[in-house]
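> Data file target_36.txt (compact mmCIF, C-alpha atoms) is appended below.
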# COMPACT_ATOMS: atom_id res chain seq x y z
CA MET A 1 0.00 0.00 0.00
CA LEU A 2 1.06 3.51 -0.69
CA ASN A 3 2.05 5.43 2.38
CA PRO A 4 0.60 8.98 2.16
CA MET A 5 3.17 10.23 4.67
CA TYR A 6 6.03 9.18 2.44
CA MET A 7 4.29 10.74 -0.55
CA ALA A 8 3.90 13.96 1.43
CA GLN A 9 7.59 13.85 2.30
CA VAL A 10 8.43 13.45 -1.40
CA LEU A 11 6.12 16.32 -2.36
CA VAL A 12 7.45 18.62 0.36
CA SER A 13 10.98 17.80 -0.75
CA PHE A 14 10.00 18.52 -4.36
CA PHE A 15 8.46 21.90 -3.55
CA VAL A 16 11.40 22.87 -1.34
CA LEU A 17 13.75 22.02 -4.22
CA MET A 18 11.54 23.95 -6.66
CA GLY A 19 11.64 27.02 -4.40
CA ILE A 20 15.42 26.83 -4.00
CA LEU A 21 15.98 26.30 -7.73
CA THR A 22 13.60 29.12 -8.64
CA TYR A 23 15.40 31.50 -6.29
CA PHE A 24 18.99 30.45 -6.95
CA LEU A 25 18.91 29.06 -10.48
CA TYR A 26 15.92 29.92 -12.69
CA ASN A 27 15.41 33.57 -11.85
CA PRO A 28 19.07 34.73 -11.65
CA VAL A 29 20.28 32.66 -14.60
CA LYS A 30 17.28 33.64 -16.73
CA LYS A 31 17.79 37.31 -15.89
CA PHE A 32 21.53 36.99 -16.51
CA MET A 33 20.95 35.30 -19.88
CA ALA A 34 18.34 37.88 -20.88
CA ASP A 35 20.69 40.74 -19.89
CA ARG A 36 23.54 39.13 -21.78
CA ALA A 37 21.35 38.61 -24.87
CA ALA A 38 20.24 42.25 -24.63
CA GLY A 39 23.88 43.32 -24.30
CA ILE A 40 24.87 41.26 -27.32
CA GLU A 41 21.94 42.67 -29.32
CA LYS A 42 22.95 46.18 -28.28
CA SER A 43 26.57 45.51 -29.29
CA ILE A 44 25.41 44.15 -32.64
CA ARG A 45 23.19 47.20 -33.20
CA GLU A 46 26.04 49.53 -32.22
CA SER A 47 28.52 47.75 -34.46
CA GLN A 48 26.02 47.83 -37.34
CA SER A 49 25.46 51.53 -36.76
CA ALA A 50 29.23 52.14 -36.55
CA ARG A 51 29.72 50.17 -39.73
CA ALA A 52 27.02 52.15 -41.52
CA GLN A 53 28.66 55.38 -40.34
CA ALA A 54 32.08 54.13 -41.44
CA GLU A 55 30.66 53.19 -44.85
CA GLN A 56 29.05 56.64 -45.17
CA LEU A 57 32.36 58.28 -44.23
CA LEU A 58 34.24 56.10 -46.66
CA GLU A 59 31.80 56.99 -49.43
CA LYS A 60 32.12 60.68 -48.56
CA TYR A 61 35.93 60.51 -48.50
CA GLN A 62 35.97 58.59 -51.76
CA LYS A 63 33.79 61.27 -53.34
CA GLU A 64 36.04 63.98 -51.93
CA MET A 65 39.13 62.13 -53.16
CA ALA A 66 37.61 61.77 -56.60
CA GLY A 67 36.74 65.50 -56.60
CA ALA A 68 40.23 66.43 -55.44
CA ARG A 69 41.76 64.17 -58.06
CA ALA A 70 39.61 65.74 -60.78
CA GLU A 71 40.45 69.22 -59.49
CA SER A 72 44.19 68.49 -59.42
CA GLN A 73 43.97 67.00 -62.93
CA LYS A 74 42.14 70.12 -64.13
CA ILE A 75 44.79 72.35 -62.53
CA LEU A 76 47.51 70.25 -64.13
CA ASP A 77 45.80 70.38 -67.52
CA ASP A 78 45.33 74.14 -67.22
CA ALA A 79 48.98 74.56 -66.25
CA VAL A 80 50.07 72.44 -69.21
CA LYS A 81 47.81 74.42 -71.54
CA GLN A 82 49.04 77.69 -70.08
CA GLY A 83 52.66 76.52 -70.43
CA GLN A 84 52.00 75.45 -74.00
CA LYS A 85 50.46 78.80 -74.76
CA VAL A 86 53.37 80.69 -73.16
CA ARG A 87 55.83 78.47 -75.01
CA GLU A 88 54.11 79.11 -78.33
CA GLN A 89 53.93 82.81 -77.57
CA ILE A 90 57.65 82.92 -76.67
CA ILE A 91 58.53 80.96 -79.79
CA ALA A 92 56.38 83.27 -81.94
CA GLU A 93 57.91 86.32 -80.34
CA ALA A 94 61.39 84.87 -80.80
CA ARG A 95 60.61 84.12 -84.44
CA ASP A 96 59.31 87.66 -84.94
CA GLU A 97 62.37 89.07 -83.21
CA ALA A 98 64.69 86.91 -85.25
CA SER A 99 62.86 87.88 -88.42
CA ARG A 100 63.01 91.52 -87.47
CA ILE A 101 66.70 91.26 -86.64
CA MET A 102 67.35 89.47 -89.92
CA THR A 103 65.39 92.06 -91.88
CA LYS A 104 67.20 94.88 -90.12
CA ALA A 105 70.53 93.18 -90.62
CA LYS A 106 69.79 92.71 -94.31
CA ALA A 107 68.69 96.29 -94.65
CA ASP A 108 71.77 97.50 -92.79
CA LEU A 109 73.96 95.29 -94.89
CA GLU A 110 72.42 96.49 -98.12
CA GLN A 111 72.70 100.04 -96.93
CA GLU A 112 76.35 99.49 -96.02
CA VAL A 113 76.97 97.73 -99.31
CA THR A 114 75.33 100.63 -101.19
CA LYS A 115 77.32 103.11 -99.16
CA ALA A 116 80.54 101.19 -99.71
CA MET A 117 79.78 100.87 -103.38
CA ALA A 118 79.06 104.57 -103.66
CA LEU A 119 82.20 105.40 -101.75
CA LEU A 120 84.22 102.99 -103.82
CA ARG A 121 82.70 104.41 -106.97
CA ASN A 122 83.63 107.91 -105.92
CA GLU A 123 87.11 106.90 -104.97
CA VAL A 124 87.60 104.92 -108.16
CA ALA A 125 86.23 107.87 -110.11
CA ASP A 126 88.56 110.26 -108.34
CA LEU A 127 91.46 107.95 -108.89
CA ALA A 128 90.58 107.43 -112.49
CA ILE A 129 90.20 111.15 -113.04
CA LYS A 130 93.46 111.78 -111.45
CA SER A 131 95.09 109.05 -113.47
CA ALA A 132 93.44 110.13 -116.67
CA GLY A 133 94.27 113.72 -116.02
CA VAL A 134 97.80 112.80 -115.62
CA LEU A 135 97.72 110.76 -118.81
CA ILE A 136 95.84 113.01 -121.17
CA ASN A 137 96.87 116.15 -119.48
CA ARG A 138 93.69 118.04 -119.27
CA GLU A 139 92.20 117.09 -122.68
CA LEU A 140 88.85 116.27 -121.12
CA ASP A 141 86.88 118.35 -118.66
CA ASP A 142 85.74 117.02 -115.35
CA ALA A 143 82.16 116.21 -116.35
CA SER A 144 83.26 114.23 -119.38
CA HIS A 145 85.63 112.28 -117.29
CA ARG A 146 82.95 111.41 -114.81
CA SER A 147 80.57 110.30 -117.48
CA LEU A 148 83.18 108.14 -119.07
CA ILE A 149 84.16 106.58 -115.80
CA GLN A 150 80.54 105.98 -114.87
CA GLU A 151 79.96 104.10 -118.07
CA THR A 152 83.09 102.08 -117.55
CA LEU A 153 82.07 101.14 -113.98
CA GLU A 154 78.58 100.14 -114.99
CA GLY A 155 80.08 97.96 -117.66
CA MET A 156 82.30 96.38 -115.05
CA GLU A 157 79.36 95.81 -112.72
CA GLN A 158 77.35 94.13 -115.44
CA ARG A 159 80.24 91.88 -116.25
CA HIS A 160 80.68 91.15 -112.59
CA ASP A 161 76.99 90.27 -112.22
CA GLN A 162 77.17 87.95 -115.15
CA MET B 1 18.86 -4.54 -1.23
CA LEU B 2 15.36 -5.29 -2.51
CA SER B 3 12.37 -4.88 -0.23
CA ILE B 4 8.72 -4.06 -0.73
CA GLU B 5 8.45 -1.98 2.41
CA PRO B 6 10.96 0.86 2.77
CA ASN B 7 13.50 0.72 5.56
CA ILE B 8 12.95 3.36 8.23
CA VAL B 9 16.31 5.06 8.80
CA PHE B 10 15.33 7.44 11.59
CA TYR B 11 12.47 9.46 13.03
CA LEU B 12 12.19 13.22 12.63
CA PHE B 13 9.82 14.80 15.20
CA GLY B 14 8.24 11.38 15.54
CA MET B 15 7.81 11.03 11.80
CA PRO B 16 9.48 7.98 10.18
CA ILE B 17 11.99 8.84 7.49
CA PRO B 18 12.48 5.97 5.02
CA ASP B 19 15.71 5.24 3.15
CA PHE B 20 14.46 6.46 -0.23
CA VAL B 21 13.47 9.86 1.23
CA LEU B 22 16.94 10.10 2.68
CA VAL B 23 18.33 9.42 -0.81
CA ILE B 24 16.01 12.15 -2.13
CA TRP B 25 17.42 14.59 0.39
CA GLY B 26 20.95 13.57 -0.52
CA VAL B 27 20.16 14.12 -4.22
CA MET B 28 18.59 17.50 -3.36
CA ALA B 29 21.72 18.48 -1.45
CA ALA B 30 23.87 17.52 -4.46
CA ILE B 31 21.64 19.56 -6.81
CA ILE B 32 21.72 22.57 -4.49
CA LEU B 33 25.50 22.31 -4.17
CA PHE B 34 25.85 22.16 -7.95
CA VAL B 35 23.53 25.16 -8.38
CA PHE B 36 25.52 27.09 -5.77
CA PHE B 37 28.80 26.50 -7.62
CA ALA B 38 27.22 27.07 -11.04
CA THR B 39 25.62 30.41 -10.19
CA ARG B 40 28.11 31.74 -7.64
CA LYS B 41 29.92 33.97 -10.16
CA LEU B 42 28.03 34.22 -13.40
CA GLN B 43 30.37 35.03 -16.27
CA ALA B 44 29.46 36.52 -19.65
CA VAL B 45 31.40 33.67 -21.27
CA PRO B 46 30.14 30.61 -19.35
CA GLY B 47 32.33 27.68 -18.50
CA GLY B 48 32.07 24.45 -16.54
CA ALA B 49 29.11 24.26 -14.16
CA GLN B 50 27.60 27.55 -15.39
CA ASN B 51 27.59 26.15 -18.91
CA VAL B 52 25.67 23.07 -17.75
CA ALA B 53 23.21 25.24 -15.80
CA GLU B 54 22.60 27.47 -18.82
CA MET B 55 22.15 24.46 -21.11
CA MET B 56 19.56 23.00 -18.72
CA MET B 57 17.76 26.33 -18.53
CA GLU B 58 17.70 26.69 -22.31
CA PHE B 59 16.56 23.10 -22.78
CA PHE B 60 13.59 23.40 -20.40
CA ASP B 61 12.81 26.93 -21.57
CA ASN B 62 12.63 25.79 -25.18
CA LEU B 63 10.68 22.65 -24.25
CA VAL B 64 7.90 24.43 -22.36
CA ILE B 65 7.73 27.48 -24.64
CA ASP B 66 7.63 25.33 -27.78
CA MET B 67 4.88 23.10 -26.40
CA MET B 68 2.85 25.56 -24.33
CA GLY B 69 3.52 28.96 -25.84
CA LYS B 70 5.43 31.86 -24.32
CA GLU B 71 2.95 32.98 -21.66
CA ALA B 72 2.07 29.57 -20.20
CA GLY B 73 5.59 28.32 -20.84
CA GLU B 74 7.20 31.01 -18.71
CA LYS B 75 4.65 30.37 -15.96
CA PHE B 76 5.23 26.61 -15.84
CA MET B 77 8.95 26.61 -16.56
CA PRO B 78 10.08 26.33 -12.88
CA LEU B 79 7.68 23.44 -12.25
CA ILE B 80 8.58 21.53 -15.40
CA ALA B 81 12.33 22.17 -15.04
CA THR B 82 12.22 20.99 -11.44
CA ILE B 83 10.33 17.82 -12.44
CA GLY B 84 12.97 17.19 -15.12
CA ILE B 85 16.01 17.87 -12.93
CA PHE B 86 14.52 16.08 -9.92
CA THR B 87 13.50 12.89 -11.73
CA LEU B 88 16.77 12.82 -13.72
CA ALA B 89 18.89 13.18 -10.58
CA LEU B 90 16.80 10.58 -8.72
CA ASN B 91 17.11 8.12 -11.60
CA LEU B 92 20.86 8.68 -11.88
CA SER B 93 21.31 8.16 -8.15
CA GLY B 94 20.53 4.48 -8.81
CA ILE B 95 23.95 4.14 -10.45
CA LEU B 96 25.64 4.61 -7.07
CA PRO B 97 26.55 1.32 -5.39
CA PHE B 98 24.06 0.04 -2.82
CA VAL B 99 21.60 2.84 -3.66
CA ASN B 100 18.21 2.19 -5.20
CA ALA B 101 16.81 5.07 -7.24
CA PRO B 102 13.97 6.68 -5.23
CA THR B 103 11.94 6.61 -8.44
CA SER B 104 11.85 2.82 -8.06
CA ARG B 105 9.44 3.50 -5.14
CA LEU B 106 5.81 4.02 -6.15
CA GLU B 107 5.40 6.63 -3.39
CA THR B 108 7.86 8.89 -5.24
CA THR B 109 6.43 8.58 -8.72
CA MET B 110 2.82 8.61 -7.50
CA ALA B 111 3.46 11.75 -5.47
CA LEU B 112 4.93 13.48 -8.52
CA GLY B 113 2.18 12.14 -10.80
CA LEU B 114 -0.50 13.29 -8.37
CA MET B 115 1.08 16.73 -8.17
CA VAL B 116 1.07 16.97 -11.99
CA PHE B 117 -2.53 15.72 -12.03
CA VAL B 118 -3.63 18.45 -9.61
CA VAL B 119 -1.73 21.13 -11.56
CA VAL B 120 -3.20 19.94 -14.87
CA HIS B 121 -6.79 20.05 -13.66
CA GLY B 122 -6.34 23.21 -11.60
CA TYR B 123 -4.87 25.03 -14.58
CA SER B 124 -7.63 23.71 -16.83
CA ILE B 125 -10.31 25.05 -14.46
CA LYS B 126 -8.50 28.37 -14.24
CA ARG B 127 -8.17 28.68 -18.00
CA LYS B 128 -11.58 27.41 -19.11
CA GLY B 129 -13.75 27.99 -16.06
CA LEU B 130 -15.41 25.28 -13.95
CA GLY B 131 -18.42 24.92 -16.28
CA ALA B 132 -16.39 24.41 -19.42
CA TYR B 133 -14.02 22.12 -17.53
CA LEU B 134 -16.85 19.87 -16.34
CA LYS B 135 -18.49 20.01 -19.74
CA GLY B 136 -15.31 18.54 -21.16
CA TYR B 137 -16.12 15.25 -19.42
CA ILE B 138 -19.41 14.83 -21.32
CA ASP B 139 -17.89 15.62 -24.70
CA PRO B 140 -18.72 14.60 -27.31
CA TYR B 141 -21.71 12.74 -25.72
CA PRO B 142 -22.87 12.55 -22.07
CA PHE B 143 -22.58 8.78 -22.01
CA MET B 144 -18.84 9.23 -22.49
CA LEU B 145 -18.52 10.59 -18.92
CA PRO B 146 -17.30 7.33 -17.29
CA ILE B 147 -14.83 6.71 -20.10
CA ASN B 148 -13.51 10.27 -19.84
CA LEU B 149 -13.18 9.99 -16.08
CA VAL B 150 -11.34 6.68 -16.35
CA GLY B 151 -9.20 8.20 -19.07
CA GLU B 152 -8.14 11.07 -16.83
CA PHE B 153 -7.30 8.81 -13.91
CA GLY B 154 -5.61 6.48 -16.36
CA LYS B 155 -3.27 9.33 -17.26
CA LEU B 156 -2.33 9.71 -13.60
CA LEU B 157 -1.68 6.00 -13.23
CA SER B 158 0.19 5.57 -16.50
CA HIS B 159 2.27 8.67 -15.80
CA SER B 160 3.30 7.43 -12.37
CA PHE B 161 3.60 3.73 -13.16
CA ARG B 162 5.64 4.21 -16.34
CA LEU B 163 8.53 5.78 -14.45
CA TYR B 164 8.11 3.51 -11.45
CA GLY B 165 7.86 0.35 -13.58
CA ASN B 166 10.95 1.12 -15.60
CA MET B 167 13.08 2.02 -12.61
CA PHE B 168 11.76 -0.75 -10.37
CA GLY B 169 12.23 -3.22 -13.22
CA GLY B 170 15.84 -2.11 -13.42
CA VAL B 171 16.31 -2.68 -9.70
CA VAL B 172 14.74 -6.14 -9.90
CA MET B 173 16.85 -7.12 -12.92
CA THR B 174 20.00 -5.88 -11.25
CA PHE B 175 19.10 -7.74 -8.05
CA VAL B 176 18.38 -11.00 -9.89
CA PHE B 177 21.61 -10.82 -11.86
CA PHE B 178 23.48 -9.91 -8.71
CA GLN B 179 22.29 -13.18 -7.18
CA LEU B 180 23.29 -15.16 -10.27
CA VAL B 181 26.58 -13.53 -11.34
CA PRO B 182 27.78 -11.01 -8.78
CA TRP B 183 29.62 -7.77 -9.65
CA VAL B 184 30.29 -7.39 -13.38
CA VAL B 185 26.95 -8.07 -15.07
CA PRO B 186 24.84 -6.39 -12.36
CA GLY B 187 27.18 -3.41 -12.51
CA VAL B 188 26.62 -3.01 -16.26
CA LEU B 189 22.87 -3.47 -15.84
CA ASN B 190 22.84 -0.97 -13.00
CA VAL B 191 24.54 1.64 -15.18
CA TRP B 192 22.22 0.81 -18.09
CA PHE B 193 19.03 1.20 -16.03
CA GLY B 194 20.38 4.13 -14.08
CA ALA B 195 21.91 6.16 -16.88
CA PHE B 196 20.27 5.24 -20.18
CA VAL B 197 16.79 4.21 -19.07
CA GLY B 198 16.91 6.81 -16.30
CA VAL B 199 17.58 9.68 -18.73
CA ILE B 200 14.95 8.47 -21.20
CA GLN B 201 12.27 7.94 -18.54
CA SER B 202 12.99 11.27 -16.93
CA LEU B 203 12.55 12.98 -20.30
CA VAL B 204 9.33 11.03 -20.97
CA PHE B 205 7.92 11.88 -17.53
CA THR B 206 8.70 15.58 -18.01
CA MET B 207 7.35 15.78 -21.55
CA LEU B 208 4.16 13.96 -20.54
CA ALA B 209 3.65 16.48 -17.73
CA VAL B 210 3.95 19.33 -20.26
CA ALA B 211 1.68 17.56 -22.72
CA TYR B 212 -1.03 16.88 -20.09
CA ILE B 213 -1.02 20.51 -18.97
CA GLN B 214 -1.16 21.73 -22.56
CA VAL B 215 -3.91 19.31 -23.68
CA MET B 216 -6.17 20.01 -20.71
CA ALA B 217 -5.75 23.77 -21.05
CA GLU B 218 -7.00 23.71 -24.65
Represent the supplied structure as structure tokens.


Amino acid sequence: MLNPMYMAQVLVSFFVLMGILTYFLYNPVKKFMADRAAGIEKSIRESQSARAQAEQLLEKYQKEMAGARAESQKILDDAVKQGQKVREQIIAEARDEASRIMTKAKADLEQEVTKAMALLRNEVADLAIKSAGVLINRELDDASHRSLIQETLEGMEQRHDQ
Amino acid sequence: MLSIEPNIVFYLFGMPIPDFVLVIWGVMAAIILFVFFATRKLQAVPGGAQNVAEMMMEFFDNLVIDMMGKEAGEKFMPLIATIGIFTLALNLSGILPFVNAPTSRLETTMALGLMVFVVVHGYSIKRKGLGAYLKGYIDPYPFMLPINLVGEFGKLLSHSFRLYGNMFGGVVMTFVFFQLVPWVVPGVLNVWFGAFVGVIQSLVFTMLAVAYIQVMAE
């Protein structure tokens, strides 16, 4: 036969154990696990938020870097263009200057040549007159002499040119 | 080793304390000691005893919440977890030499079964109301009342006797084999009935308690 007293002892023991376990195991461990889960969830949310912020910052910096790169490239291109323009300008100016110097030099040279030729002509004429005067002893006047000499010189020049 | 009547070990305030109740108290002391060490310093990264305690909590939490829903599950979790831990520890105590599992005494399993029976019907009355609860016994037809009543008491008996029968059967088998071939074979049988059958029957007893509460509450 079942002994109700023993059954009561078992039941009392069971409820005592349930009370102790509820107080020392279920409630504290459950609360601890819930707090830990909440902490982990919070950490995950924070890390996700931090990651999103980091991604936004990265995107922003990448945009800024791309802008800066484009800006620097534009500055570089402008500088190259400006340099090219200055170079071409300097070259053009140098060419003009050289051309001008050459033209002036040619003109000066021609002028000097003309002057020298005129001077030479005069001297040759004077010398020829003097020589002829000595030789023919005043048979020709001065104007005739000059005309004769002029003709002679021009004939010499033509021969020289040929 | 094997006796129908329990051995009275001592008297407490004139009340006889049998050997199996003394084993129950010893098992309770071991459980309390374990809980003390497991929850003394709870760490964020659990280890050792705390790990075992958390695994038990999660197991029973999931079991009751999956079967009964969150609200009822949280309410019944301490009761169900205690039934599970208590019956498991009592069954495992049978492995110890010269100790019979207290669950091999009908007083133990019947007391636990009766407690579950009272909880099941009390919760059913609370949930459905007395009228609806009583009406459940004449569903689907009034002539089903005796069958329904027998069925309910049958649950109590089958719940209690299943655990008792398995554990007592283990004790008898171990005793018989101990008489025939002492030491080795009985030792293996003792471990088999204490550990393997003990774990299975503890799980069955606990899950049936949850199922009875859930079925009667619906």

> Give me, as a list in words, the contact residues of chain B against chain A at a cut-off of 8 Å, counting all atoms listed in the file.

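Therefore, the residues near the partner are Ile17, Pro18, Val21, Ile24, Trp25, Met28, Ile32, Val35, Phe36, Thr39, Leu42, Ala44, Ala53, Glu54, Met57, Pro78, Leu79, Thr82, Phe86, Leu106, Glu107, Thr108, Met110, Ala111, Leu112 and Met115 of chain B.
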
> What gap, in Å, lies between atom CA of Val191 of chain B and atom CA of Val171 of chain B?

10.8 Å

> Pull the neighbourhood of (4.3, 17.5, -18.4) for me: all residues within 10 Å in file coordinates, counting all atoms listed in the file, as a PyMOL selection string.

chain B and resi 64+67+76+79-81+83-84+113+116-117+119-120+159+203-215

> Dump C-alpha atoms for the selected residues as a compact mmCIF listing (two decimals), keeping the file's coordinate frame?


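Wrote result10.txt, looks like this:
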# COMPACT_ATOMS: atom_id res chain seq x y z
CA VAL B 64 7.90 24.43 -22.36
CA MET B 67 4.88 23.10 -26.40
CA PHE B 76 5.23 26.61 -15.84
CA LEU B 79 7.68 23.44 -12.25
CA ILE B 80 8.58 21.53 -15.40
CA ALA B 81 12.33 22.17 -15.04
CA ILE B 83 10.33 17.82 -12.44
CA GLY B 84 12.97 17.19 -15.12
CA GLY B 113 2.18 12.14 -10.80
CA VAL B 116 1.07 16.97 -11.99
CA PHE B 117 -2.53 15.72 -12.03
CA VAL B 119 -1.73 21.13 -11.56
CA VAL B 120 -3.20 19.94 -14.87
CA HIS B 159 2.27 8.67 -15.80
CA LEU B 203 12.55 12.98 -20.30
CA VAL B 204 9.33 11.03 -20.97
CA PHE B 205 7.92 11.88 -17.53
CA THR B 206 8.70 15.58 -18.01
CA MET B 207 7.35 15.78 -21.55
CA LEU B 208 4.16 13.96 -20.54
CA ALA B 209 3.65 16.48 -17.73
CA VAL B 210 3.95 19.33 -20.26
CA ALA B 211 1.68 17.56 -22.72
CA TYR B 212 -1.03 16.88 -20.09
CA ILE B 213 -1.02 20.51 -18.97
CA GLN B 214 -1.16 21.73 -22.56
CA VAL B 215 -3.91 19.31 -23.68

> What gap, in Å, lies between atom CA of Val176 of chain B and atom CA of Gln201 of chain B?

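Going from atom CA of Val176 of chain B over to atom CA of Gln201 of chain B covers 21.7 Å.
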
> How many Å lie between atom CA of Ala34 of chain A and atom CA of Gly73 of chain B, rounded to one decimal?

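Value for the atom CA of Ala34 of chain A-atom CA of Gly73 of chain B distance: 15.9 Å.
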